Amino acid sequence: MMLRLAKVLLVLAVALFYSFVVLNNTTDYNSNFQFVRHVMMMDSTFPGNRGMWRAVNSPALHTAFYLSIIAWETVTMILCWVGGIALARALRASSSAFNAAKRVAIAGLTLSLLMWLVAFLSVGAEWFLMWQSKTWNGQDAAFRMFTVVGIVLLLVALPDSESQP
């Protein structure tokens with residue numbers, strides 16, 4: 001029961017995190033928009049680097065990319081809330097019912113991992129060379145969140161059995 005409760009609470013904690021992220025990105029839109037804009041423009045990467053042909057200077061594309069991140073975060077938040085609630089409802093159910101209740105939570109956690117790995121670590125850090133910037137470098141935060149959510153996903157994905165305490 002304790003391991004199940006840990007799974008429920010950790011999924012709900014990820015949902016809470018994404019609730020704050022979505023709130024911040026919608027109520028203080030410009031702060032993180034500037035981050036996305038500068039990363040895409042590559043205006044703080046090493047001078048004279050040969051990757052500058054990748055820079056995107058279109059405000060419309062900056063906005064579209066940022067809005068897609070917010071949408072991605074919103075879907076992740078919803079899936080984690082729904083998944084965490086489903087797990088909470090199945091807390092005292094059979095192991096097969098609890099395992100079945102994990103589906104939505106696993107989908108939300110996977111979507112989160114994909115965001116950090118694809119949008120931030122692959123596209124931002126490698127395509128737009130964010131790693132070269134001292135000001136607009138979100139690699140550490142992205143790696144931290146990828147790791148935290150990855151650990152939660154691994155724990156949630158562990159199969160439950162009737163013999164667990």
# chains A, B, ... in the order shown; residues from 1 in each chain; ligands from 1
$ residues_around --residues "Pro159 of chain A" --least-positions-apart "6" --cutoff "9 Å" --atoms "only C-alpha atoms" --output "JSON list (two decimals) with C-alpha atoms, in the first residue's frame"
[["chain", "number", "residue", "atom", "x", "y", "z"],
["A", 95, "SER", "CA", -3.09, -5.21, -8.40],
["A", 96, "SER", "CA", -4.44, -5.74, -11.91],
["A", 99, "ASN", "CA", -1.77, -1.56, -12.92]]
$ residues_around --residues "Ala125 of chain A" --least-positions-apart "3" --cutoff "12 Å" --atoms "only C-alpha atoms" --output "list in words"
Val36, Val39, Met40, Met42, Thr45, Trp116, Leu117, Val118, Ala119, Phe120, Leu121, Ser122, Phe128, Leu129, Met130, Trp131, Gln132, Ser133, Trp136, Asn137, Gly138, Gln139, Asp140, Ala141, Ala142 and Phe143 of chain A
$ closest_residue --among "A:Ala88, A:Met52, A:Ala97, A:Ala157" --to "Leu109 of chain A" --atoms "only C-alpha atoms"
A:Ala157
$ residues_around --residues "Gly84 of chain A" --least-positions-apart "6" --cutoff "6 Å" --atoms "only C-alpha atoms" --output "number ranges by chain"
A: 8, 11-12
$ write_last_selection --atoms "N, CA and C atoms" --output "CSV table (one decimal), in the first residue's frame"
chain,number,residue,atom,x,y,z
A,8,VAL,N,1.1,7.4,-6.4
A,8,VAL,CA,0.0,8.4,-6.5
A,8,VAL,C,0.5,9.8,-6.2
A,11,VAL,N,3.0,11.2,-8.9
A,11,VAL,CA,2.3,11.6,-10.1
A,11,VAL,C,1.5,12.9,-9.9
A,12,LEU,N,0.9,13.0,-8.7
A,12,LEU,CA,0.2,14.3,-8.4
A,12,LEU,C,1.1,15.4,-8.2
$ select_by_dssp --residues "segment 23-130 of chain A" --states "alpha helix (DSSP H)" --output "VMD selection string"
chain A and resid 23 to 27 29 to 41 59 to 89 95 to 114
$ closest_residue --among "A:Ile70, A:Thr27, A:Arg92, A:Ile78" --to "Met1 of chain A" --atoms "only C-alpha atoms"
A:Arg92
$ closest_residue --among "A:Trp81, A:Tyr29, A:Trp127, A:Phe146" --to "Arg54 of chain A" --atoms "only C-alpha atoms"
A:Trp127
$ atom_distance --atom1 "atom CA of Leu23 of chain A" --atom2 "atom CA of Tyr66 of chain A"
14.1 Å
$ atom_distance --atom1 "atom CA of Leu16 of chain A" --atom2 "atom CA of Trp72 of chain A"
15.2 Å
$ residues_around --residues "Arg4 of chain A" --least-positions-apart "5" --cutoff "9 Å" --atoms "only C-alpha atoms" --output "PyMOL selection string"
chain A and resi 9+87-88+91-92+98+156+160
$ write_last_selection --atoms "N, CA and C atoms" --output "PDB file, in the first residue's frame"
ATOM      1  N   LEU A   9       1.190   9.898  -5.063  1.00  0.00           N
ATOM      2  CA  LEU A   9       1.650  11.218  -4.631  1.00  0.00           C
ATOM      3  C   LEU A   9       2.680  11.807  -5.587  1.00  0.00           C
ATOM      4  N   LEU A  87      -5.128   6.747 -10.269  1.00  0.00           N
ATOM      5  CA  LEU A  87      -4.342   5.914  -9.363  1.00  0.00           C
ATOM      6  C   LEU A  87      -4.871   5.994  -7.932  1.00  0.00           C
ATOM      7  N   ALA A  88      -5.234   7.187  -7.506  1.00  0.00           N
ATOM      8  CA  ALA A  88      -5.774   7.353  -6.145  1.00  0.00           C
ATOM      9  C   ALA A  88      -7.068   6.554  -5.977  1.00  0.00           C
ATOM     10  N   LEU A  91      -6.325   2.899  -5.469  1.00  0.00           N
ATOM     11  CA  LEU A  91      -5.343   2.645  -4.421  1.00  0.00           C
ATOM     12  C   LEU A  91      -5.588   1.332  -3.679  1.00  0.00           C
ATOM     13  N   ARG A  92      -6.835   1.040  -3.357  1.00  0.00           N
ATOM     14  CA  ARG A  92      -7.164  -0.175  -2.600  1.00  0.00           C
ATOM     15  C   ARG A  92      -7.720  -1.293  -3.492  1.00  0.00           C
ATOM     16  N   PHE A  98      -5.051  -1.698 -10.301  1.00  0.00           N
ATOM     17  CA  PHE A  98      -4.115  -0.592 -10.077  1.00  0.00           C
ATOM     18  C   PHE A  98      -3.153  -0.467 -11.260  1.00  0.00           C
ATOM     19  N   VAL A 156       6.433   4.442 -11.170  1.00  0.00           N
ATOM     20  CA  VAL A 156       5.026   4.161 -11.500  1.00  0.00           C
ATOM     21  C   VAL A 156       4.920   2.908 -12.369  1.00  0.00           C
ATOM     22  N   ASP A 160       2.670  -3.725  -9.902  1.00  0.00           N
ATOM     23  CA  ASP A 160       2.188  -3.991  -8.556  1.00  0.00           C
ATOM     24  C   ASP A 160       1.721  -5.440  -8.497  1.00  0.00           C
TER      25      ASP A 160
END
$ residues_around --residues "Arg37 of chain A" --least-positions-apart "6" --cutoff "10 Å" --atoms "only C-alpha atoms" --output "list in words"
Asn30, Asp43, Val56, Asn57, Ser58, Pro59, Leu61, His62, Thr63, Phe65, Tyr66 and Trp136 of chain A
$ atom_distance --atom1 "atom CA of Asn25 of chain A" --atom2 "atom CA of Ala101 of chain A"
29.8 Å
$ closest_residue --among "A:Phe33, A:Val152, A:Ile85, A:Gly51" --to "Ile106 of chain A" --atoms "only C-alpha atoms"
A:Val152
